[in-house]
$ cat run.cif   # mmCIF, C-alpha atoms
data_input
#
loop_
_atom_site.label_atom_id
_atom_site.label_comp_id
_atom_site.auth_asym_id
_atom_site.auth_seq_id
_atom_site.Cartn_x
_atom_site.Cartn_y
_atom_site.Cartn_z
CA MET A 1 26.77 6.74 10.44
CA SER A 2 26.33 6.05 14.16
CA SER A 3 24.82 2.75 15.33
CA SER A 4 21.61 4.54 16.34
CA GLU A 5 21.20 5.81 12.77
CA GLN A 6 21.95 2.52 11.04
CA GLU A 7 19.25 0.50 9.42
CA TYR A 8 17.70 -2.17 11.58
CA SER A 9 18.43 -5.64 10.25
CA LEU A 10 16.31 -8.63 11.26
CA ASP A 11 19.03 -9.96 13.59
CA ARG A 12 19.36 -6.59 15.26
CA VAL A 13 15.60 -6.21 15.68
CA GLN A 14 15.25 -9.69 17.16
CA GLY A 15 17.80 -8.69 19.80
CA LEU A 16 15.80 -5.56 20.63
CA THR A 17 12.38 -7.19 20.96
CA ASP A 18 11.77 -6.18 24.59
CA THR A 19 12.68 -2.55 23.92
CA ILE A 20 10.51 -2.44 20.81
CA LYS A 21 7.55 -3.79 22.79
CA ASP A 22 8.13 -1.42 25.71
CA ASP A 23 8.62 1.80 23.72
CA ALA A 24 6.15 2.79 20.97
CA GLU A 25 8.37 5.65 19.75
CA PHE A 26 11.32 3.30 19.42
CA ALA A 27 9.11 0.79 17.59
CA GLN A 28 8.14 3.54 15.15
CA ARG A 29 11.80 4.42 14.57
CA VAL A 30 12.69 0.77 13.92
CA ILE A 31 9.88 0.54 11.36
CA GLU A 32 11.03 3.69 9.59
CA LYS A 33 14.66 2.46 9.45
CA ALA A 34 13.96 -1.19 8.72
CA ALA A 35 16.56 -2.77 6.44
CA GLY A 36 14.08 -4.81 4.44
CA PRO A 37 10.63 -6.43 4.22
CA GLU A 38 11.64 -9.31 6.48
CA VAL A 39 11.90 -6.83 9.37
CA LEU A 40 8.33 -5.55 8.83
CA ASP A 41 7.07 -9.12 8.46
CA TYR A 42 8.67 -10.04 11.80
CA LEU A 43 7.30 -6.99 13.60
CA VAL A 44 3.75 -7.53 12.36
CA ASP A 45 3.47 -11.31 11.99
CA ASP A 46 5.54 -12.40 14.99
CA LEU A 47 5.20 -9.50 17.41
CA SER A 48 1.88 -7.98 16.27
CA ILE A 49 3.59 -4.76 17.18
CA ASP A 50 0.76 -2.53 16.00
CA VAL A 51 -1.81 -4.38 18.11
CA HIS A 52 0.61 -4.43 21.07
CA HIS A 53 0.94 -0.65 21.08
CA GLU A 54 -2.38 0.51 19.62
CA GLY A 55 -4.94 -2.23 20.17
CA GLU A 56 -7.18 -3.76 17.53
CA GLN A 57 -8.43 -0.51 15.99
CA GLY A 58 -7.30 2.96 15.03
CA LEU A 59 -4.46 4.39 12.95
CA GLY A 60 -1.83 5.50 15.47
CA GLU A 61 1.81 6.39 14.83
CA VAL A 62 3.01 2.78 14.73
CA ARG A 63 0.43 1.72 12.16
CA GLN A 64 1.01 4.87 10.13
CA ALA A 65 4.73 4.07 10.04
CA ILE A 66 4.04 0.55 8.75
CA LEU A 67 1.59 1.79 6.14
CA GLY A 68 4.06 4.40 4.96
CA SER A 69 6.99 1.98 4.71
CA ASP A 70 8.34 1.04 1.28
CA HIS A 71 9.30 -2.33 2.73
CA ALA A 72 5.75 -3.33 3.71
CA SER A 73 3.91 -5.49 1.16
CA PHE A 74 0.37 -4.73 0.02
CA ASP A 75 -1.00 -7.68 2.02
CA LEU A 76 0.87 -6.62 5.15
CA LYS A 77 -0.43 -3.07 4.86
CA LYS A 78 -3.96 -4.35 4.36
CA ARG A 79 -3.79 -6.47 7.53
CA VAL A 80 -2.53 -3.51 9.52
CA ALA A 81 -4.99 -1.00 8.04
CA THR A 82 -7.98 -3.26 8.72
CA ARG A 83 -7.23 -4.56 12.19
CA GLY A 84 -10.51 -5.33 13.95
CA ASP A 85 -12.46 -5.31 10.67
CA TYR A 86 -13.73 -8.81 9.97
CA THR A 87 -15.52 -7.98 6.74
CA THR A 88 -13.12 -10.13 4.75
CA ASP A 89 -14.09 -13.15 6.88
CA LEU A 90 -17.69 -12.89 5.68
CA ASP A 91 -18.94 -14.60 2.55
CA VAL A 92 -19.72 -12.37 -0.43
CA LEU A 93 -23.49 -12.82 -0.55
CA VAL A 94 -24.37 -10.74 -3.60
CA PRO A 95 -24.80 -12.53 -6.95
CA GLU A 96 -21.55 -13.26 -8.80
CA SER A 97 -22.65 -11.11 -11.75
CA VAL A 98 -23.03 -8.12 -9.43
CA LYS A 99 -19.54 -8.63 -8.00
CA LYS A 100 -17.98 -8.89 -11.47
CA SER A 101 -19.73 -5.75 -12.69
CA ALA A 102 -18.59 -3.76 -9.67
CA LEU A 103 -14.99 -4.98 -9.87
CA GLY A 104 -14.93 -4.30 -13.61
CA ALA A 105 -16.13 -0.73 -13.12
CA LEU A 106 -13.49 -0.04 -10.47
CA GLU A 107 -10.76 -1.54 -12.63
CA ALA A 108 -11.89 0.79 -15.43
CA GLY A 109 -11.48 3.75 -13.09
CA LYS A 110 -15.18 4.43 -12.58
CA PRO A 111 -16.68 5.43 -9.22
CA VAL A 112 -19.40 2.97 -8.24
CA VAL A 113 -22.90 3.35 -6.80
CA LEU A 114 -24.38 0.17 -5.31
CA TYR A 115 -28.15 0.60 -5.25
CA GLY A 116 -31.14 -1.53 -4.40
CA PRO A 117 -33.79 -2.09 -1.73
CA THR A 118 -32.99 -2.26 1.93
CA GLY A 119 -31.55 -5.56 3.11
CA THR A 120 -29.49 -6.52 0.07
CA GLY A 121 -26.12 -6.28 1.84
CA LYS A 122 -24.91 -3.18 0.01
CA THR A 123 -22.76 -1.77 2.82
CA THR A 124 -21.07 -5.08 3.60
CA PHE A 125 -20.44 -5.64 -0.10
CA ALA A 126 -19.00 -2.12 -0.40
CA LYS A 127 -16.47 -2.96 2.33
CA GLN A 128 -15.62 -6.24 0.63
CA LEU A 129 -15.10 -4.44 -2.69
CA ALA A 130 -12.84 -1.92 -0.99
CA LEU A 131 -10.71 -4.61 0.63
CA GLU A 132 -10.45 -6.66 -2.55
CA THR A 133 -9.13 -3.70 -4.52
CA CYS A 134 -7.43 -1.46 -1.93
CA VAL A 135 -5.22 -1.54 1.13
CA GLY A 136 -7.94 0.02 3.29
CA TYR A 137 -10.95 2.33 3.35
CA THR A 138 -12.82 4.99 5.25
CA LEU A 139 -16.61 4.86 5.59
CA ASP A 140 -18.77 7.96 5.97
CA THR A 141 -22.57 8.04 6.14
CA ALA A 142 -24.19 10.88 4.22
CA SER A 143 -26.76 13.15 5.87
CA PRO A 144 -29.12 15.95 4.77
CA SER A 145 -26.72 18.53 6.22
CA TRP A 146 -23.84 17.52 3.96
CA THR A 147 -22.31 20.02 1.54
CA SER A 148 -19.45 19.78 -0.93
CA GLN A 149 -17.14 20.53 2.01
CA ASP A 150 -17.86 17.09 3.46
CA ILE A 151 -16.51 15.64 0.21
CA VAL A 152 -13.48 17.84 -0.53
CA GLY A 153 -12.76 19.74 2.70
CA ARG A 154 -13.34 22.94 4.65
CA VAL A 155 -11.66 25.68 6.64
CA ALA A 156 -12.75 25.27 10.26
CA PRO A 157 -12.17 27.38 13.41
CA ASP A 158 -9.89 25.99 16.11
CA TYR A 159 -10.83 27.12 19.64
CA SER A 160 -8.25 25.01 21.48
CA LYS A 161 -5.89 27.97 22.08
CA ASP A 162 -6.29 31.39 23.66
CA SER A 163 -7.30 32.94 20.36
CA VAL A 164 -9.32 31.55 17.50
CA SER A 165 -7.29 30.14 14.64
CA TYR A 166 -8.33 28.39 11.49
CA GLN A 167 -7.25 25.08 10.05
CA LYS A 168 -8.18 23.03 7.04
CA GLU A 169 -10.12 19.78 7.48
CA LEU A 170 -10.09 17.19 4.73
CA GLY A 171 -13.36 15.92 3.29
CA CYS A 172 -13.85 12.17 2.91
CA VAL A 173 -12.57 11.99 -0.68
CA SER A 174 -9.59 14.27 -0.01
CA LYS A 175 -8.71 12.16 3.03
CA ALA A 176 -8.63 9.05 0.84
CA VAL A 177 -6.32 10.82 -1.63
CA VAL A 178 -3.87 11.73 1.14
CA ARG A 179 -3.85 8.19 2.52
CA ALA A 180 -3.32 6.65 -0.91
CA ARG A 181 -0.31 8.92 -1.38
CA GLU A 182 1.10 8.25 2.08
CA TYR A 183 0.69 4.48 1.85
CA GLY A 184 1.75 4.16 -1.79
CA GLU A 185 -1.26 1.90 -2.43
CA LYS A 186 -4.85 2.11 -3.63
CA TYR A 187 -7.26 3.37 -0.99
CA ALA A 188 -11.08 3.48 -0.96
CA VAL A 189 -13.68 5.87 0.36
CA ILE A 190 -17.18 4.49 1.00
CA ILE A 191 -20.07 6.95 1.13
CA ASP A 192 -22.99 5.09 2.68
CA GLU A 193 -26.67 5.98 2.22
CA LEU A 194 -25.85 8.54 -0.43
CA THR A 195 -29.41 9.63 -1.12
CA ARG A 196 -29.80 11.05 2.37
CA ALA A 197 -27.85 14.02 1.04
CA ASP A 198 -28.53 16.40 -1.84
CA ILE A 199 -26.33 14.64 -4.40
CA SER A 200 -25.96 17.58 -6.79
CA ARG A 201 -25.08 19.83 -3.88
CA ILE A 202 -22.33 17.62 -2.45
CA PHE A 203 -20.87 16.25 -5.70
CA GLY A 204 -20.72 19.37 -7.86
CA GLN A 205 -16.98 19.87 -7.54
CA LEU A 206 -16.30 16.15 -7.64
CA TYR A 207 -18.14 15.75 -10.94
CA THR A 208 -15.70 18.14 -12.58
CA ALA A 209 -12.72 16.39 -10.99
CA ILE A 210 -13.86 12.99 -12.31
CA GLU A 211 -13.73 14.34 -15.85
CA ASN A 212 -10.64 16.50 -15.26
CA PRO A 213 -8.31 14.50 -12.95
CA HIS A 214 -5.66 17.24 -12.87
CA GLN A 215 -8.04 19.73 -11.29
CA THR A 216 -7.16 20.68 -7.73
CA ILE A 217 -10.13 20.12 -5.44
CA PHE A 218 -8.51 21.22 -2.16
CA ARG A 219 -5.28 22.47 -0.59
CA THR A 220 -4.03 21.32 2.80
CA ASP A 221 -2.53 23.52 5.53
CA ASP A 222 0.88 22.50 4.11
CA ASP A 223 -0.24 23.82 0.69
CA GLU A 224 -0.34 20.29 -0.70
CA THR A 225 -2.78 20.09 -3.60
CA ILE A 226 -5.44 17.40 -3.67
CA GLU A 227 -6.45 15.91 -7.01
CA LEU A 228 -8.65 12.92 -7.72
CA ILE A 229 -6.02 10.27 -8.43
CA PRO A 230 -6.54 6.77 -9.95
CA GLU A 231 -5.33 5.20 -6.70
CA VAL A 232 -8.59 6.21 -4.99
CA ASN A 233 -11.70 4.08 -5.41
CA ILE A 234 -15.01 5.82 -4.67
CA ILE A 235 -17.80 3.42 -3.66
CA CYS A 236 -21.28 4.67 -2.72
CA THR A 237 -24.43 2.91 -1.54
CA MET A 238 -28.03 4.02 -1.66
CA ASN A 239 -31.43 2.56 -0.89
CA MET A 240 -33.93 2.66 -3.70
CA SER A 241 -36.67 3.33 -1.16
CA ASP A 242 -35.17 6.83 -1.04
CA ARG A 243 -35.17 7.47 -4.77
CA THR A 244 -35.33 5.57 -8.04
CA VAL A 245 -32.47 5.61 -10.52
CA ASN A 246 -34.66 7.48 -13.03
CA GLN A 247 -35.08 10.30 -10.51
CA LEU A 248 -31.34 10.80 -10.07
CA ASP A 249 -29.49 13.67 -11.66
CA ASN A 250 -28.00 12.67 -15.01
CA ALA A 251 -24.70 14.02 -13.73
CA ILE A 252 -24.22 11.06 -11.39
CA THR A 253 -25.58 8.35 -13.69
CA ARG A 254 -23.22 9.57 -16.42
CA ARG A 255 -20.10 9.61 -14.25
CA PHE A 256 -20.72 6.69 -11.87
CA ALA A 257 -21.25 3.01 -12.63
CA MET A 258 -24.72 2.21 -11.30
CA ILE A 259 -24.69 -1.39 -9.98
CA LYS A 260 -28.00 -2.87 -8.86
CA VAL A 261 -27.69 -5.17 -5.84
CA SER A 262 -30.96 -7.07 -5.69
CA ASP A 263 -31.12 -9.73 -8.39
CA TYR A 264 -30.80 -12.88 -6.29
CA ASP A 265 -31.58 -16.08 -8.16
CA ASN A 266 -33.51 -18.95 -6.56
CA ASP A 267 -30.41 -21.01 -5.83
CA GLY A 268 -28.70 -18.06 -4.18
CA LEU A 269 -31.71 -17.35 -1.98
CA ASP A 270 -32.09 -21.01 -1.07
CA ASN A 271 -28.45 -21.13 0.01
CA LEU A 272 -28.83 -18.04 2.17
CA PHE A 273 -32.03 -19.12 3.88
CA SER A 274 -30.75 -22.69 4.38
CA ARG A 275 -27.55 -21.43 5.97
CA TRP A 276 -29.27 -19.07 8.38
CA THR A 277 -31.94 -21.50 9.53
CA THR A 278 -29.36 -24.28 9.89
CA ASP A 279 -26.67 -22.24 11.63
CA HIS A 280 -28.96 -20.47 14.09
CA LEU A 281 -31.80 -22.89 14.82
CA ALA A 282 -29.99 -26.13 15.73
CA ASP A 283 -31.04 -25.80 19.40
CA SER A 284 -34.18 -23.78 18.77
CA ALA A 285 -37.79 -24.80 19.38
CA VAL A 286 -38.59 -23.40 15.90
CA ASN A 287 -38.71 -25.85 12.99
CA GLY A 288 -35.93 -24.60 10.73
CA GLY A 289 -37.31 -26.23 7.59
CA THR A 290 -40.71 -24.61 7.96
CA LEU A 291 -39.16 -21.26 8.80
CA LYS A 292 -37.04 -21.46 5.65
CA ASP A 293 -40.24 -22.07 3.64
CA LEU A 294 -41.80 -19.00 5.29
CA PHE A 295 -38.77 -16.89 4.36
CA GLN A 296 -38.94 -18.02 0.74
CA GLU A 297 -42.69 -17.47 0.45
CA ASP A 298 -42.55 -14.08 2.15
CA TYR A 299 -39.67 -12.91 -0.04
CA ARG A 300 -41.29 -14.18 -3.24
CA ARG A 301 -44.69 -12.61 -2.61
CA LEU A 302 -43.17 -9.30 -1.54
CA ASN A 303 -40.85 -9.00 -4.52
CA THR A 304 -42.56 -10.73 -7.43
CA GLY A 305 -46.05 -11.74 -6.33
CA LYS A 306 -47.62 -15.13 -5.65
CA ASP A 307 -47.87 -16.12 -9.31
CA ALA A 308 -45.97 -15.27 -12.47
CA ASP A 309 -48.73 -12.96 -13.72
CA GLU A 310 -48.84 -10.95 -10.48
CA ASN A 311 -46.77 -8.05 -9.24
CA GLY A 312 -45.02 -7.95 -5.90
CA ILE A 313 -45.75 -5.44 -3.16
CA MET A 314 -42.29 -3.85 -3.04
CA GLU A 315 -38.62 -4.71 -3.45
CA PHE A 316 -37.14 -6.11 -0.27
CA GLY A 317 -33.72 -7.62 0.40
CA PRO A 318 -33.07 -11.06 1.90
CA MET A 319 -30.53 -10.01 4.55
CA HIS A 320 -33.27 -9.04 7.01
CA TYR A 321 -34.15 -12.71 7.44
CA ARG A 322 -30.77 -13.33 9.01
CA ASP A 323 -31.80 -10.92 11.81
CA VAL A 324 -34.95 -12.99 12.31
CA SER A 325 -32.87 -16.18 12.56
CA VAL A 326 -30.46 -14.67 15.10
CA PHE A 327 -33.37 -13.38 17.20
CA LEU A 328 -35.01 -16.80 17.22
CA GLU A 329 -31.73 -18.49 18.09
CA SER A 330 -31.47 -16.57 21.35
CA THR A 331 -35.16 -16.40 22.29
CA THR A 332 -36.28 -19.97 21.49
CA SER A 333 -33.25 -21.89 22.79
CA PRO A 334 -33.77 -24.00 25.95
CA GLU A 335 -33.03 -20.93 28.11
CA GLY A 336 -34.72 -18.41 25.82
CA VAL A 337 -37.66 -16.22 26.81
CA TYR A 338 -39.86 -17.70 24.05
CA HIS A 339 -38.78 -21.32 24.39
CA ASP A 340 -42.37 -22.38 25.17
CA GLU A 341 -43.88 -19.95 22.62
CA ALA A 342 -41.88 -20.64 19.48
CA GLY A 343 -44.74 -19.73 17.15
CA ARG A 344 -45.26 -16.41 18.87
CA ALA A 345 -41.51 -15.74 18.71
CA VAL A 346 -41.62 -15.90 14.91
CA GLY A 347 -44.36 -13.26 14.83
CA GLU A 348 -42.42 -11.05 17.22
CA ALA A 349 -39.30 -11.43 15.10
CA PHE A 350 -41.21 -10.36 11.96
CA ARG A 351 -42.74 -7.46 13.90
CA THR A 352 -39.28 -6.31 15.02
CA TYR A 353 -37.05 -6.96 11.99
CA ILE A 354 -39.27 -7.20 8.89
CA LEU A 355 -42.37 -5.00 9.17
CA PRO A 356 -40.69 -1.75 10.31
CA ARG A 357 -38.35 -1.90 7.32
CA LEU A 358 -41.24 -2.52 4.95
CA LEU A 359 -43.47 0.14 6.48
CA ASN A 360 -40.69 2.71 6.45
CA SER A 361 -41.12 3.23 2.70
CA ALA A 362 -44.63 1.85 2.09
CA THR A 363 -47.40 3.89 0.50
CA TYR A 364 -50.92 3.67 1.93
CA SER A 365 -51.97 1.12 -0.70
CA GLN A 366 -48.87 -0.96 0.05
CA MET A 367 -49.72 -0.90 3.76
CA ASP A 368 -53.11 -2.37 2.91
CA GLU A 369 -51.39 -5.04 0.80
CA LEU A 370 -49.00 -5.85 3.64
CA VAL A 371 -51.90 -6.43 6.04
CA ASN A 372 -53.49 -8.86 3.56
CA HIS A 373 -50.15 -10.45 2.75
CA TYR A 374 -49.25 -11.35 6.34
CA THR A 375 -52.79 -12.37 7.15
CA LYS A 376 -52.56 -14.90 4.31
CA LEU A 377 -49.15 -16.16 5.46
CA ASP A 378 -50.53 -16.53 8.99
CA GLU A 379 -53.22 -18.83 7.58
CA ILE A 380 -50.74 -20.89 5.53
CA TYR A 381 -48.16 -21.37 8.31
CA GLU A 382 -50.39 -22.38 11.17
CA GLU A 383 -47.56 -23.33 13.52
CA PHE A 384 -46.39 -19.72 13.52
CA ASP A 385 -48.29 -16.78 15.02
CA LEU A 386 -47.77 -13.79 12.76
CA SER A 387 -50.38 -11.67 14.52
CA PRO A 388 -47.78 -9.29 16.03
CA ALA A 389 -46.62 -8.40 12.52
CA ILE A 390 -50.20 -8.04 11.28
CA GLU A 391 -51.12 -5.80 14.20
CA LEU A 392 -48.17 -3.49 13.47
CA ALA A 393 -49.15 -3.22 9.81
CA GLU A 394 -52.78 -2.47 10.75
CA SER A 395 -51.70 0.13 13.31
CA GLU A 396 -49.53 1.96 10.77
CA LYS A 397 -52.35 1.77 8.21
CA ARG A 398 -54.76 3.43 10.65
CA ALA A 399 -52.22 6.09 11.49
CA GLN A 400 -51.74 6.81 7.80
CA GLN A 401 -55.51 7.05 7.35
CA GLN A 402 -55.65 9.66 10.12
CA ARG A 403 -52.80 11.65 8.59
CA MET A 404 -54.55 11.61 5.22
CA GLY A 405 -57.77 12.67 6.84
CA MET A 406 -56.11 15.58 8.58
CA GLN A 407 -54.58 16.70 5.29
CA ASN A 408 -57.99 16.62 3.61
#

$ encode --input "run.cif" --output "structure tokens"
Amino acid sequence: MSSSEQEYSLDRVQGLTDTIKDDAEFAQRVIEKAAGPEVLDYLVDDLSIDVHHEGEQGLGEVRQAILGSDHASFDLKKRVATRGDYTTDLDVLVPESVKKSALGALEAGKPVVLYGPTGTGKTTFAKQLALETCVGYTLDTASPSWTSQDIVGRVAPDYSKDSVSYQKELGCVSKAVVRAREYGEKYAVIIDELTRADISRIFGQLYTAIENPHQTIFRTDDDETIELIPEVNIICTMNMSDRTVNQLDNAITRRFAMIKVSDYDNDGLDNLFSRWTTDHLADSAVNGGTLKDLFQEDYRRLNTGKDADENGIMEFGPMHYRDVSVFLESTTSPEGVYHDEAGRAVGEAFRTYILPRLLNSATYSQMDELVNHYTKLDEIYEEFDLSPAIELAESEKRAQQQRMGMQN
């Protein structure tokens, strides 16, 4: 074997550092012919060779070589596959029981649907689940135009040459299968906002594959067959403002683990609201303690009602209040545009980050309740001016009245 074909030991690689950093193709060859894991560790941990050649994001040839190497550990592959993704740095904010249920379902080989109202952190939690169980993930957002081809794959025309040719494009699940095979590790596919699509239409073929894992769902241009393998975790999210669980096709509720992400206990909510008002309002003209009380009262009345014998207006997640806190941090700081109008800033924040998300799925009767709800909160929290939020709710209520009148 010539010296150019020999494996690259750590000592040899350390002597070739400049060449490896100057030549991406040579770096790829070194990775593919590395003598052992210590070589990959050096290239990634000491040289950050993938970042050097390909930046913080993307899966170029250098990263693909690392991910396909038998010498790369699971943790090393995960770091390389998720460069630029800081999801793992974030706290898991969902209740512990929700996390355990989701992890248990994935360990049992079940695809997972994370459902609940808007603002419960479903997408972030889906990424965290993927990175706790897999080396990496892809994320696709469903749309009304989706078909089963977006899941398993399609034959698409290629107009890049003089004449039209056809090539096969992998769907999101098939792509995850190929990556799991190439990397020799578990890989996840996240399908976000699932209920935007016609679920029965897009999942028909996948339903059969879940129950019959040996069924081929697609063939690549190289005639490689794609089957739904255990090394692929399927994680979906959906907002319950789109559809209730009872309205879903039995086909999905029978084959997927349905995990509700909305049951925050009082301690969990208190921790969230305390953190956001403390972290973001240290230099703000807004009283963080009073704002935290407003968050808690707003959330409680929306979700469960003022008293134990009342019903709430609608389910609503707590994560939206972080957006309010961030907005107030920038606008009510000493240099902020609302520094001298802190009370007004709170109303503008609710108008911008809370009301549109509530009104998006509200019925006419709920719009009326929202007007009364924020009018009452405006009276209770006198130091804040919630009139911008109230005005938006009233405006949408009038518009809905006109639409109803036109229909009649």

$ atom_distance --input "run.cif" --atom1 "CA of Arg83 (chain A)" --atom2 "CA of Gly317 (chain A)"
29.2 Å

$ closest_atom_pairs --input "run.cif" --of "region 3-108 of chain A" --to "region 165-187 of chain A" --cutoff "10 Å" --atoms "all atoms listed in the file" --output "tab-separated table"
residue	atom	partner	partner_atom	distance
A:Gln64	CA	A:Tyr183	CA	8.3
A:Ala65	CA	A:Tyr183	CA	9.1
A:Ile66	CA	A:Tyr183	CA	8.6
A:Leu67	CA	A:Tyr183	CA	5.1
A:Gly68	CA	A:Tyr183	CA	4.6
A:Ser69	CA	A:Tyr183	CA	7.4
A:Asp70	CA	A:Gly184	CA	7.9
A:Ala72	CA	A:Tyr183	CA	9.5
A:Ser73	CA	A:Glu185	CA	9.7
A:Phe74	CA	A:Glu185	CA	7.3
A:Lys77	CA	A:Tyr183	CA	8.2
A:Lys78	CA	A:Glu185	CA	9.6

$ axis_aligned_box --input "run.cif" --around "region 92-98 of chain A" --padding-each-side "8 Å" --output "AutoDock Vina command-line options"
--center_x -22.3 --center_y -10.7 --center_z -6.1 --size_x 21.1 --size_y 21.1 --size_z 27.3

$ resolve_selection --input "run.cif" --expression "the PyMOL selection byres ((chain A and resi 378) around 12)" --output "ChimeraX atom specification"
/A:294,297-298,343-344,346-347,350,371-377,379-391

$ residues_around --input "run.cif" --residues "Tyr264 (chain A)" --least-positions-apart "4" --cutoff "7 Å" --atoms "all atoms listed in the file" --output "list in words"
Pro95, Gly268 and Leu269 of chain A

$ resolve_selection --input "run.cif" --expression "the PyMOL selection byres ((chain A and resi 131-141) around 7)" --output "list in words"
Phe74, Lys77, Lys78, Ala81, Thr82, Lys127, Gln128, Leu129, Ala130, Ala142, Ser143, Glu185, Lys186, Tyr187, Ala188, Val189, Ile190, Ile191, Asp192 and Glu193 of chain A

$ write_last_selection --input "run.cif" --atoms "C-alpha atoms" --output "PDB file, in the coordinates of the input"
ATOM      1  CA  PHE A  74       0.370  -4.730   0.020  1.00  0.00           C
ATOM      2  CA  LYS A  77      -0.430  -3.070   4.860  1.00  0.00           C
ATOM      3  CA  LYS A  78      -3.960  -4.350   4.360  1.00  0.00           C
ATOM      4  CA  ALA A  81      -4.990  -1.000   8.040  1.00  0.00           C
ATOM      5  CA  THR A  82      -7.980  -3.260   8.720  1.00  0.00           C
ATOM      6  CA  LYS A 127     -16.470  -2.960   2.330  1.00  0.00           C
ATOM      7  CA  GLN A 128     -15.620  -6.240   0.630  1.00  0.00           C
ATOM      8  CA  LEU A 129     -15.100  -4.440  -2.690  1.00  0.00           C
ATOM      9  CA  ALA A 130     -12.840  -1.920  -0.990  1.00  0.00           C
ATOM     10  CA  ALA A 142     -24.190  10.880   4.220  1.00  0.00           C
ATOM     11  CA  SER A 143     -26.760  13.150   5.870  1.00  0.00           C
ATOM     12  CA  GLU A 185      -1.260   1.900  -2.430  1.00  0.00           C
ATOM     13  CA  LYS A 186      -4.850   2.110  -3.630  1.00  0.00           C
ATOM     14  CA  TYR A 187      -7.260   3.370  -0.990  1.00  0.00           C
ATOM     15  CA  ALA A 188     -11.080   3.480  -0.960  1.00  0.00           C
ATOM     16  CA  VAL A 189     -13.680   5.870   0.360  1.00  0.00           C
ATOM     17  CA  ILE A 190     -17.180   4.490   1.000  1.00  0.00           C
ATOM     18  CA  ILE A 191     -20.070   6.950   1.130  1.00  0.00           C
ATOM     19  CA  ASP A 192     -22.990   5.090   2.680  1.00  0.00           C
ATOM     20  CA  GLU A 193     -26.670   5.980   2.220  1.00  0.00           C
TER      21      GLU A 193
END

$ resolve_selection --input "run.cif" --expression "the PyMOL selection byres ((chain A and resi 287) around 12)" --output "ChimeraX atom specification"
/A:277-278,280-286,288-294,325,328-329,332-333,342-343,345-346,381,383-384

$ residues_around --input "run.cif" --residues "Arg219 (chain A)" --least-positions-apart "4" --cutoff "9 Å" --atoms "all atoms listed in the file" --output "list in words"
Gly153, Lys168, Leu170, Asp223, Glu224, Thr225 and Ile226 of chain A

$ atom_distance --input "run.cif" --atom1 "CA of Asn233 (chain A)" --atom2 "CA of Leu106 (chain A)"
6.8 Å

$ atom_distance --input "run.cif" --atom1 "CA of Pro111 (chain A)" --atom2 "CA of Ile151 (chain A)"
13.9 Å

$ closest_residue --input "run.cif" --among "A:Lys122, A:Lys33, A:Lys100, A:Arg201" --to "Thr147 (chain A)" --atoms "only C-alpha atoms"
A:Arg201

$ residues_near_point --input "run.cif" --point "(-41.2, -3.4, -5.0)" --cutoff "12 Å" --atoms "only C-alpha atoms" --output "mmCIF file with C-alpha atoms, in the frame of the given file"
data_model
loop_
_atom_site.group_PDB
_atom_site.id
_atom_site.type_symbol
_atom_site.label_atom_id
_atom_site.label_comp_id
_atom_site.auth_asym_id
_atom_site.auth_seq_id
_atom_site.Cartn_x
_atom_site.Cartn_y
_atom_site.Cartn_z
ATOM 1 C CA GLY A 116 -31.140 -1.530 -4.400
ATOM 2 C CA PRO A 117 -33.790 -2.090 -1.730
ATOM 3 C CA THR A 118 -32.990 -2.260 1.930
ATOM 4 C CA MET A 240 -33.930 2.660 -3.700
ATOM 5 C CA SER A 241 -36.670 3.330 -1.160
ATOM 6 C CA THR A 244 -35.330 5.570 -8.040
ATOM 7 C CA SER A 262 -30.960 -7.070 -5.690
ATOM 8 C CA TYR A 299 -39.670 -12.910 -0.040
ATOM 9 C CA ARG A 300 -41.290 -14.180 -3.240
ATOM 10 C CA ARG A 301 -44.690 -12.610 -2.610
ATOM 11 C CA LEU A 302 -43.170 -9.300 -1.540
ATOM 12 C CA ASN A 303 -40.850 -9.000 -4.520
ATOM 13 C CA THR A 304 -42.560 -10.730 -7.430
ATOM 14 C CA GLY A 305 -46.050 -11.740 -6.330
ATOM 15 C CA ASN A 311 -46.770 -8.050 -9.240
ATOM 16 C CA GLY A 312 -45.020 -7.950 -5.900
ATOM 17 C CA ILE A 313 -45.750 -5.440 -3.160
ATOM 18 C CA MET A 314 -42.290 -3.850 -3.040
ATOM 19 C CA GLU A 315 -38.620 -4.710 -3.450
ATOM 20 C CA PHE A 316 -37.140 -6.110 -0.270
ATOM 21 C CA GLY A 317 -33.720 -7.620 0.400
ATOM 22 C CA LEU A 358 -41.240 -2.520 4.950
ATOM 23 C CA SER A 361 -41.120 3.230 2.700
ATOM 24 C CA ALA A 362 -44.630 1.850 2.090
ATOM 25 C CA THR A 363 -47.400 3.890 0.500
ATOM 26 C CA GLN A 366 -48.870 -0.960 0.050
ATOM 27 C CA GLU A 369 -51.390 -5.040 0.800
ATOM 28 C CA LEU A 370 -49.000 -5.850 3.640
#

$ closest_residue --input "run.cif" --among "A:Tyr364, A:Trp146, A:Phe218, A:Tyr338" --to "Gln402 (chain A)" --atoms "all atoms listed in the file"
A:Tyr364

$ residues_around --input "run.cif" --residues "Asp23 (chain A)" --least-positions-apart "6" --cutoff "12 Å" --atoms "only C-alpha atoms" --output "MDAnalysis selection string"
chainID A and resid 16:17 29:30 49:50 52:54 62

$ closest_residue --input "run.cif" --among "A:Ile199, A:Leu93, A:Val39, A:Ala27" --to "Asp267 (chain A)" --atoms "only C-alpha atoms"
A:Leu93

$ closest_residue --input "run.cif" --among "A:Ala393, A:Tyr8, A:Gln14, A:Gly84" --to "Ile31 (chain A)" --atoms "all atoms listed in the file"
A:Tyr8
